[in-house]
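For reference, my_file_14.pdb is printed below; it contains PDB, C-alpha atoms.
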```pdb
ATOM      1  CA  MET A   1     -12.763  10.662   9.090  1.00  0.00           C
ATOM      2  CA  SER A   2      -9.455  12.431   9.441  1.00  0.00           C
ATOM      3  CA  ALA A   3      -6.235  10.477   9.830  1.00  0.00           C
ATOM      4  CA  GLN A   4      -6.026  11.525  13.475  1.00  0.00           C
ATOM      5  CA  LYS A   5      -9.577  10.405  14.243  1.00  0.00           C
ATOM      6  CA  LEU A   6      -8.879   7.083  12.547  1.00  0.00           C
ATOM      7  CA  LYS A   7      -5.694   6.637  14.606  1.00  0.00           C
ATOM      8  CA  ASP A   8      -7.611   7.519  17.797  1.00  0.00           C
ATOM      9  CA  PHE A   9     -10.271   4.939  16.886  1.00  0.00           C
ATOM     10  CA  LEU A  10      -7.616   2.269  16.267  1.00  0.00           C
ATOM     11  CA  ASP A  11      -5.807   3.199  19.505  1.00  0.00           C
ATOM     12  CA  ARG A  12      -9.058   2.916  21.515  1.00  0.00           C
ATOM     13  CA  HIS A  13      -9.429  -0.625  20.166  1.00  0.00           C
ATOM     14  CA  ASN A  14      -5.776  -1.506  20.910  1.00  0.00           C
ATOM     15  CA  ILE A  15      -4.997  -2.087  17.228  1.00  0.00           C
ATOM     16  CA  LYS A  16      -1.369  -2.140  16.141  1.00  0.00           C
ATOM     17  CA  TYR A  17      -0.830  -0.196  12.913  1.00  0.00           C
ATOM     18  CA  VAL A  18       1.781   1.663  10.900  1.00  0.00           C
ATOM     19  CA  THR A  19       1.304   5.078   9.328  1.00  0.00           C
ATOM     20  CA  ILE A  20       2.970   5.551   5.958  1.00  0.00           C
ATOM     21  CA  SER A  21       3.476   9.065   4.616  1.00  0.00           C
ATOM     22  CA  HIS A  22       4.070   9.429   0.906  1.00  0.00           C
ATOM     23  CA  SER A  23       4.169  12.102  -1.767  1.00  0.00           C
ATOM     24  CA  PHE A  24       0.821  13.186  -3.184  1.00  0.00           C
ATOM     25  CA  ALA A  25      -0.725  10.412  -5.232  1.00  0.00           C
ATOM     26  CA  TYR A  26      -4.276  10.023  -6.431  1.00  0.00           C
ATOM     27  CA  THR A  27      -4.642   6.640  -8.098  1.00  0.00           C
ATOM     28  CA  ALA A  28      -4.195   3.422  -6.172  1.00  0.00           C
ATOM     29  CA  GLN A  29      -1.306   2.356  -8.414  1.00  0.00           C
ATOM     30  CA  GLU A  30       0.480   5.691  -7.848  1.00  0.00           C
ATOM     31  CA  ILE A  31      -0.037   5.336  -4.099  1.00  0.00           C
ATOM     32  CA  ALA A  32       1.366   1.783  -4.051  1.00  0.00           C
ATOM     33  CA  ALA A  33       4.467   2.918  -5.944  1.00  0.00           C
ATOM     34  CA  SER A  34       4.973   6.091  -3.901  1.00  0.00           C
ATOM     35  CA  ALA A  35       4.473   4.369  -0.538  1.00  0.00           C
ATOM     36  CA  HIS A  36       6.404   1.190  -1.492  1.00  0.00           C
ATOM     37  CA  VAL A  37       3.435  -1.008  -0.619  1.00  0.00           C
ATOM     38  CA  ALA A  38       2.742  -4.174  -2.577  1.00  0.00           C
ATOM     39  CA  GLY A  39      -0.227  -3.607  -4.873  1.00  0.00           C
ATOM     40  CA  LYS A  40      -1.940  -6.725  -3.556  1.00  0.00           C
ATOM     41  CA  GLU A  41      -1.843  -5.307  -0.004  1.00  0.00           C
ATOM     42  CA  LEU A  42      -3.146  -1.868  -0.955  1.00  0.00           C
ATOM     43  CA  ALA A  43      -6.908  -1.727  -0.584  1.00  0.00           C
ATOM     44  CA  LYS A  44      -8.926   0.945  -2.353  1.00  0.00           C
ATOM     45  CA  THR A  45     -12.340   2.095  -1.251  1.00  0.00           C
ATOM     46  CA  VAL A  46     -14.933   2.475  -3.992  1.00  0.00           C
ATOM     47  CA  MET A  47     -18.316   3.995  -3.255  1.00  0.00           C
ATOM     48  CA  VAL A  48     -21.204   2.109  -4.824  1.00  0.00           C
ATOM     49  CA  LYS A  49     -24.973   2.327  -4.759  1.00  0.00           C
ATOM     50  CA  ILE A  50     -26.613  -1.009  -4.095  1.00  0.00           C
ATOM     51  CA  ASP A  51     -30.301  -0.762  -4.902  1.00  0.00           C
ATOM     52  CA  ASP A  52     -29.950   3.024  -4.356  1.00  0.00           C
ATOM     53  CA  LYS A  53     -28.301   2.612  -0.926  1.00  0.00           C
ATOM     54  CA  MET A  54     -24.726   3.868  -0.484  1.00  0.00           C
ATOM     55  CA  ALA A  55     -22.103   1.239   0.427  1.00  0.00           C
ATOM     56  CA  MET A  56     -18.341   0.768   0.374  1.00  0.00           C
ATOM     57  CA  ALA A  57     -16.585  -1.809  -1.766  1.00  0.00           C
ATOM     58  CA  VAL A  58     -13.011  -2.539  -0.671  1.00  0.00           C
ATOM     59  CA  LEU A  59     -10.795  -4.261  -3.216  1.00  0.00           C
ATOM     60  CA  PRO A  60      -7.140  -4.593  -4.225  1.00  0.00           C
ATOM     61  CA  ALA A  61      -5.700  -1.476  -5.857  1.00  0.00           C
ATOM     62  CA  ALA A  62      -5.046  -3.141  -9.211  1.00  0.00           C
ATOM     63  CA  PHE A  63      -8.534  -4.662  -9.485  1.00  0.00           C
ATOM     64  CA  LYS A  64     -11.870  -3.378 -10.775  1.00  0.00           C
ATOM     65  CA  ILE A  65     -15.379  -4.140  -9.595  1.00  0.00           C
ATOM     66  CA  SER A  66     -17.380  -6.673 -11.547  1.00  0.00           C
ATOM     67  CA  PHE A  67     -20.895  -5.318 -11.204  1.00  0.00           C
ATOM     68  CA  ASP A  68     -22.419  -8.714 -12.004  1.00  0.00           C
ATOM     69  CA  LEU A  69     -20.430 -10.323  -9.178  1.00  0.00           C
ATOM     70  CA  MET A  70     -21.218  -7.404  -6.856  1.00  0.00           C
ATOM     71  CA  LYS A  71     -24.963  -7.796  -7.519  1.00  0.00           C
ATOM     72  CA  LYS A  72     -24.687 -11.468  -6.648  1.00  0.00           C
ATOM     73  CA  ALA A  73     -22.639 -10.769  -3.493  1.00  0.00           C
ATOM     74  CA  ALA A  74     -25.095  -8.141  -2.294  1.00  0.00           C
ATOM     75  CA  GLY A  75     -28.214 -10.010  -3.395  1.00  0.00           C
ATOM     76  CA  ALA A  76     -29.185  -6.837  -5.237  1.00  0.00           C
ATOM     77  CA  ALA A  77     -31.056  -5.995  -8.406  1.00  0.00           C
ATOM     78  CA  ASN A  78     -28.860  -2.997  -9.191  1.00  0.00           C
ATOM     79  CA  VAL A  79     -25.280  -1.961  -8.380  1.00  0.00           C
ATOM     80  CA  GLU A  80     -23.602   1.115  -9.802  1.00  0.00           C
ATOM     81  CA  LEU A  81     -20.698   3.408  -9.051  1.00  0.00           C
ATOM     82  CA  ALA A  82     -21.693   6.336  -6.883  1.00  0.00           C
ATOM     83  CA  ASN A  83     -20.911   9.715  -8.319  1.00  0.00           C
ATOM     84  CA  GLU A  84     -18.693  11.982  -6.215  1.00  0.00           C
ATOM     85  CA  GLN A  85     -21.499  14.523  -5.771  1.00  0.00           C
ATOM     86  CA  GLU A  86     -23.555  11.818  -4.050  1.00  0.00           C
ATOM     87  CA  PHE A  87     -21.013  11.067  -1.306  1.00  0.00           C
ATOM     88  CA  LYS A  88     -18.680  14.071  -0.995  1.00  0.00           C
ATOM     89  CA  ASP A  89     -20.578  15.460   2.020  1.00  0.00           C
ATOM     90  CA  MET A  90     -20.650  12.088   3.801  1.00  0.00           C
ATOM     91  CA  PHE A  91     -16.928  12.270   4.649  1.00  0.00           C
ATOM     92  CA  PRO A  92     -16.244  15.965   5.399  1.00  0.00           C
ATOM     93  CA  GLU A  93     -12.916  15.297   7.146  1.00  0.00           C
ATOM     94  CA  SER A  94     -11.505  13.136   4.344  1.00  0.00           C
ATOM     95  CA  GLU A  95     -10.162  14.293   1.024  1.00  0.00           C
ATOM     96  CA  LEU A  96     -12.454  13.234  -1.795  1.00  0.00           C
ATOM     97  CA  GLY A  97     -11.529   9.721  -2.886  1.00  0.00           C
ATOM     98  CA  ALA A  98      -9.280   9.089   0.126  1.00  0.00           C
ATOM     99  CA  MET A  99     -11.794   7.907   2.712  1.00  0.00           C
ATOM    100  CA  PRO A 100     -10.710   4.918   4.784  1.00  0.00           C
ATOM    101  CA  PRO A 101     -12.754   1.703   4.423  1.00  0.00           C
ATOM    102  CA  PHE A 102     -14.633   2.113   7.698  1.00  0.00           C
ATOM    103  CA  GLY A 103     -18.159   2.587   6.341  1.00  0.00           C
ATOM    104  CA  ASN A 104     -19.517   0.910   9.466  1.00  0.00           C
ATOM    105  CA  LEU A 105     -18.703   4.148  11.321  1.00  0.00           C
ATOM    106  CA  TYR A 106     -21.000   5.980   8.901  1.00  0.00           C
ATOM    107  CA  GLY A 107     -23.859   3.487   9.080  1.00  0.00           C
ATOM    108  CA  MET A 108     -23.157   1.917   5.708  1.00  0.00           C
ATOM    109  CA  GLU A 109     -22.506  -1.631   4.649  1.00  0.00           C
ATOM    110  CA  VAL A 110     -18.932  -2.569   3.711  1.00  0.00           C
ATOM    111  CA  PHE A 111     -18.073  -5.290   1.223  1.00  0.00           C
ATOM    112  CA  VAL A 112     -14.504  -6.572   0.976  1.00  0.00           C
ATOM    113  CA  ASP A 113     -13.234  -8.670  -1.882  1.00  0.00           C
ATOM    114  CA  GLU A 114     -12.300 -12.053  -0.457  1.00  0.00           C
ATOM    115  CA  ILE A 115      -8.864 -11.887  -2.098  1.00  0.00           C
ATOM    116  CA  LEU A 116      -7.854  -9.256   0.499  1.00  0.00           C
ATOM    117  CA  SER A 117      -8.662 -11.682   3.308  1.00  0.00           C
ATOM    118  CA  GLN A 118      -5.770 -13.831   2.071  1.00  0.00           C
ATOM    119  CA  ASP A 119      -3.295 -11.063   2.946  1.00  0.00           C
ATOM    120  CA  GLU A 120      -1.834 -10.886   6.408  1.00  0.00           C
ATOM    121  CA  GLU A 121      -1.881  -7.081   6.254  1.00  0.00           C
ATOM    122  CA  ILE A 122      -3.703  -4.436   4.279  1.00  0.00           C
ATOM    123  CA  ALA A 123      -2.969  -0.755   3.724  1.00  0.00           C
ATOM    124  CA  PHE A 124      -5.491   1.926   2.823  1.00  0.00           C
ATOM    125  CA  ASN A 125      -5.917   5.693   2.556  1.00  0.00           C
ATOM    126  CA  ALA A 126      -6.157   7.368   5.917  1.00  0.00           C
ATOM    127  CA  GLY A 127      -8.356  10.244   4.778  1.00  0.00           C
ATOM    128  CA  SER A 128      -5.762  12.006   2.633  1.00  0.00           C
ATOM    129  CA  HIS A 129      -3.840  11.474  -0.581  1.00  0.00           C
ATOM    130  CA  THR A 130      -0.531  11.527   1.333  1.00  0.00           C
ATOM    131  CA  GLU A 131      -1.018   9.047   4.182  1.00  0.00           C
ATOM    132  CA  LEU A 132      -1.784   5.337   4.505  1.00  0.00           C
ATOM    133  CA  ILE A 133      -2.564   3.104   7.445  1.00  0.00           C
ATOM    134  CA  LYS A 134      -1.308  -0.484   7.394  1.00  0.00           C
ATOM    135  CA  LEU A 135      -2.666  -3.061   9.816  1.00  0.00           C
ATOM    136  CA  ALA A 136      -3.433  -6.750  10.169  1.00  0.00           C
ATOM    137  CA  TYR A 137      -6.331  -7.849   7.971  1.00  0.00           C
ATOM    138  CA  ARG A 138      -7.876  -9.738  10.898  1.00  0.00           C
ATOM    139  CA  ASP A 139      -8.027  -6.460  12.891  1.00  0.00           C
ATOM    140  CA  PHE A 140      -9.739  -4.689   9.986  1.00  0.00           C
ATOM    141  CA  GLU A 141     -12.214  -7.564   9.751  1.00  0.00           C
ATOM    142  CA  ARG A 142     -12.895  -7.510  13.499  1.00  0.00           C
ATOM    143  CA  LEU A 143     -13.548  -3.742  13.584  1.00  0.00           C
ATOM    144  CA  VAL A 144     -15.478  -3.302  10.334  1.00  0.00           C
ATOM    145  CA  LYS A 145     -17.230  -6.692  10.021  1.00  0.00           C
ATOM    146  CA  PRO A 146     -17.349  -6.430   6.224  1.00  0.00           C
ATOM    147  CA  LYS A 147     -19.198  -8.880   4.021  1.00  0.00           C
ATOM    148  CA  ALA A 148     -16.485 -10.850   2.199  1.00  0.00           C
ATOM    149  CA  ALA A 149     -17.266 -11.974  -1.343  1.00  0.00           C
ATOM    150  CA  LYS A 150     -15.677 -12.292  -4.764  1.00  0.00           C
ATOM    151  CA  PHE A 151     -16.629  -9.169  -6.729  1.00  0.00           C
ATOM    152  CA  SER A 152     -13.494  -7.919  -8.473  1.00  0.00           C
ATOM    153  CA  ALA A 153     -11.120  -8.844 -11.266  1.00  0.00           C
ATOM    154  CA  ARG A 154      -7.853  -7.490 -12.668  1.00  0.00           C
TER
END
```
Could you write out this structure as structure tokens?
Amino acid sequence: MSAQKLKDFLDRHNIKYVTISHSFAYTAQEIAASAHVAGKELAKTVMVKIDDKMAMAVLPAAFKISFDLMKKAAGAANVELANEQEFKDMFPESELGAMPPFGNLYGMEVFVDEILSQDEEIAFNAGSHTELIKLAYRDFERLVKPKAAKFSAR
């Protein structure tokens, strides 16, 4: 999903959001610093395979997935990181590693770490390594309907 398509989607649903342009940054910590966004509000999207089915895990930038907690949250026997070759063609309009956390638009389940639900707003990549979208967490939740669970740690 390109940034423009994401903005069009948000506009069609009457969602208020802010676009933040920043210098090229690849890691979530670099993005938070470059865009002057609090690390706890910056959500990163991690592609995982849950019992061999692709899914999105959305968690705070400074956190890492606990695969044991993710298995429990998903009720799965196996959870592993997806390799870039496995998902690069799924998001042709997004730069690799910069896809927004709207897996529901691609027919995949989205898990969000419950710690993000405590934030009033979240920011996330808008399909590129130079642009973020920031919006109210409740709007993200309403549009994506993610499964909230504890699955990450610092």
Name the residues in contact with segment 101-103 of chain A at a cut-off of 7 Å, using only C-alpha atoms, excluding same-chain residues fewer than 6 positions from it; report them as a list in words.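 The contact residues come out as Thr45, Met56, Val58, Glu109, Val110 and Val144 of chain A.
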Evaluate the PyMOL selection byres ((chain A and resi 35) around 8) and report residues as a PyMOL selection string: chain A and resi 20-23+31-34+36-37
Which protein, DNA or RNA residues have an atom at most 8 Å from (-2.7, 6.2, -0.1), counting only C-alpha atoms? List them as a tab-separated table (two decimals) with C-alpha atoms, in the frame of the given file.
```tsv
chain	number	residue	atom	x	y	z
A	22	HIS	CA	4.07	9.43	0.91
A	25	ALA	CA	-0.72	10.41	-5.23
A	26	TYR	CA	-4.28	10.02	-6.43
A	28	ALA	CA	-4.20	3.42	-6.17
A	31	ILE	CA	-0.04	5.34	-4.10
A	32	ALA	CA	1.37	1.78	-4.05
A	35	ALA	CA	4.47	4.37	-0.54
A	98	ALA	CA	-9.28	9.09	0.13
A	123	ALA	CA	-2.97	-0.76	3.72
A	124	PHE	CA	-5.49	1.93	2.82
A	125	ASN	CA	-5.92	5.69	2.56
A	126	ALA	CA	-6.16	7.37	5.92
A	128	SER	CA	-5.76	12.01	2.63
A	129	HIS	CA	-3.84	11.47	-0.58
A	130	THR	CA	-0.53	11.53	1.33
A	131	GLU	CA	-1.02	9.05	4.18
A	132	LEU	CA	-1.78	5.34	4.50
```
With a distance cut-off of 8 Å and all atoms listed in the file, select the neighbouring residues of segment 10-17 of chain A, excluding the residue or stretch itself and same-chain residues fewer than 3 positions from it, and output the selection as a PyMOL selection string. chain A and resi 6-7+133-136+139
Have a look at atom CA of Ala55 of chain A and atom CA of Pro146 of chain A and let me know their distance in Å, one decimal.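 Value for the atom CA of Ala55 of chain A-atom CA of Pro146 of chain A distance: 10.7 Å.
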Could you please determine the separation between atom CA of Lys147 of chain A and atom CA of Phe87 of chain A in Å, to one decimal place?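 Distance reported for this atom pair: 20.7 Å.
Taking atom CA of Gly127 of chain A and atom CA of Phe67 of chain A as endpoints, the distance between them is 25.6 Å.
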As JSON: centre and edge lengths in Å, one decimal, of the axis-aligned box holding segment 92-98 of chain A with 4 Å per side:
```
{"center_x": -12.8, "center_y": 12.5, "center_z": 2.1, "size_x": 15.0, "size_y": 14.9, "size_z": 18.0}
```
Residues matched by the PyMOL selection byres ((chain A and resi 52) around 9) as a list of chain:residue names: A:Val48, A:Lys49, A:Ile50, A:Asp51, A:Lys53, A:Met54, A:Asn78, A:Val79, A:Glu80
Could you spell out the hits of the PyMOL selection byres ((chain A and resi 116) around 12) on the shown file, as a ChimeraX atom specification? /A:39-44,57-63,111-115,117-124,136-138,140-141,146-152
In terms of the shortest atom-to-atom distance over all atoms listed in the file, which of A:Leu143, A:Val18, A:Met108, A:Leu81 is closest to Ser66 of chain A? A:Leu81
Output requested as a PDB file, in the frame of the given file - segment 115-130 of chain A, filled out with N, CA, C and O atoms.
```
ATOM      1  N   ILE A 115     -10.301 -11.755  -1.835  1.00  0.00           N
ATOM      2  CA  ILE A 115      -8.864 -11.887  -2.098  1.00  0.00           C
ATOM      3  C   ILE A 115      -8.040 -11.117  -1.057  1.00  0.00           C
ATOM      4  O   ILE A 115      -6.943 -11.537  -0.708  1.00  0.00           O
ATOM      5  N   LEU A 116      -8.581 -10.016  -0.530  1.00  0.00           N
ATOM      6  CA  LEU A 116      -7.854  -9.256   0.499  1.00  0.00           C
ATOM      7  C   LEU A 116      -7.741 -10.038   1.800  1.00  0.00           C
ATOM      8  O   LEU A 116      -6.788  -9.865   2.553  1.00  0.00           O
ATOM      9  N   SER A 117      -8.698 -10.911   2.069  1.00  0.00           N
ATOM     10  CA  SER A 117      -8.662 -11.682   3.308  1.00  0.00           C
ATOM     11  C   SER A 117      -7.513 -12.685   3.318  1.00  0.00           C
ATOM     12  O   SER A 117      -7.167 -13.225   4.362  1.00  0.00           O
ATOM     13  N   GLN A 118      -6.915 -12.923   2.158  1.00  0.00           N
ATOM     14  CA  GLN A 118      -5.770 -13.831   2.071  1.00  0.00           C
ATOM     15  C   GLN A 118      -4.459 -13.143   2.464  1.00  0.00           C
ATOM     16  O   GLN A 118      -3.449 -13.809   2.666  1.00  0.00           O
ATOM     17  N   ASP A 119      -4.488 -11.808   2.555  1.00  0.00           N
ATOM     18  CA  ASP A 119      -3.295 -11.063   2.946  1.00  0.00           C
ATOM     19  C   ASP A 119      -3.213 -10.964   4.464  1.00  0.00           C
ATOM     20  O   ASP A 119      -4.233 -10.789   5.138  1.00  0.00           O
ATOM     21  N   GLU A 120      -2.013 -11.057   4.970  1.00  0.00           N
ATOM     22  CA  GLU A 120      -1.834 -10.886   6.408  1.00  0.00           C
ATOM     23  C   GLU A 120      -2.107  -9.446   6.817  1.00  0.00           C
ATOM     24  O   GLU A 120      -2.673  -9.184   7.879  1.00  0.00           O
ATOM     25  N   GLU A 121      -1.694  -8.507   5.970  1.00  0.00           N
ATOM     26  CA  GLU A 121      -1.881  -7.081   6.254  1.00  0.00           C
ATOM     27  C   GLU A 121      -2.514  -6.393   5.059  1.00  0.00           C
ATOM     28  O   GLU A 121      -2.372  -6.852   3.928  1.00  0.00           O
ATOM     29  N   ILE A 122      -3.214  -5.292   5.348  1.00  0.00           N
ATOM     30  CA  ILE A 122      -3.703  -4.436   4.279  1.00  0.00           C
ATOM     31  C   ILE A 122      -3.337  -2.991   4.608  1.00  0.00           C
ATOM     32  O   ILE A 122      -3.153  -2.642   5.778  1.00  0.00           O
ATOM     33  N   ALA A 123      -3.230  -2.192   3.574  1.00  0.00           N
ATOM     34  CA  ALA A 123      -2.969  -0.755   3.724  1.00  0.00           C
ATOM     35  C   ALA A 123      -4.069  -0.026   2.971  1.00  0.00           C
ATOM     36  O   ALA A 123      -4.602  -0.538   1.980  1.00  0.00           O
ATOM     37  N   PHE A 124      -4.419   1.165   3.448  1.00  0.00           N
ATOM     38  CA  PHE A 124      -5.491   1.926   2.823  1.00  0.00           C
ATOM     39  C   PHE A 124      -5.319   3.403   3.128  1.00  0.00           C
ATOM     40  O   PHE A 124      -4.607   3.777   4.070  1.00  0.00           O
ATOM     41  N   ASN A 125      -5.966   4.249   2.332  1.00  0.00           N
ATOM     42  CA  ASN A 125      -5.917   5.693   2.556  1.00  0.00           C
ATOM     43  C   ASN A 125      -6.434   6.013   3.950  1.00  0.00           C
ATOM     44  O   ASN A 125      -7.421   5.431   4.407  1.00  0.00           O
ATOM     45  N   ALA A 126      -5.775   6.970   4.564  1.00  0.00           N
ATOM     46  CA  ALA A 126      -6.157   7.368   5.917  1.00  0.00           C
ATOM     47  C   ALA A 126      -6.888   8.704   5.922  1.00  0.00           C
ATOM     48  O   ALA A 126      -6.762   9.488   6.853  1.00  0.00           O
ATOM     49  N   GLY A 127      -7.604   8.995   4.838  1.00  0.00           N
ATOM     50  CA  GLY A 127      -8.356  10.244   4.778  1.00  0.00           C
ATOM     51  C   GLY A 127      -7.682  11.319   3.949  1.00  0.00           C
ATOM     52  O   GLY A 127      -8.240  12.383   3.741  1.00  0.00           O
ATOM     53  N   SER A 128      -6.469  11.034   3.472  1.00  0.00           N
ATOM     54  CA  SER A 128      -5.762  12.006   2.633  1.00  0.00           C
ATOM     55  C   SER A 128      -5.061  11.265   1.505  1.00  0.00           C
ATOM     56  O   SER A 128      -4.940  10.043   1.525  1.00  0.00           O
ATOM     57  N   HIS A 129      -4.575  12.049   0.548  1.00  0.00           N
ATOM     58  CA  HIS A 129      -3.840  11.474  -0.581  1.00  0.00           C
ATOM     59  C   HIS A 129      -2.335  11.420  -0.309  1.00  0.00           C
ATOM     60  O   HIS A 129      -1.542  11.228  -1.221  1.00  0.00           O
ATOM     61  N   THR A 130      -1.953  11.575   0.970  1.00  0.00           N
ATOM     62  CA  THR A 130      -0.531  11.527   1.333  1.00  0.00           C
ATOM     63  C   THR A 130      -0.238  10.622   2.528  1.00  0.00           C
ATOM     64  O   THR A 130       0.880  10.606   3.029  1.00  0.00           O
TER      65      THR A 130
END
```
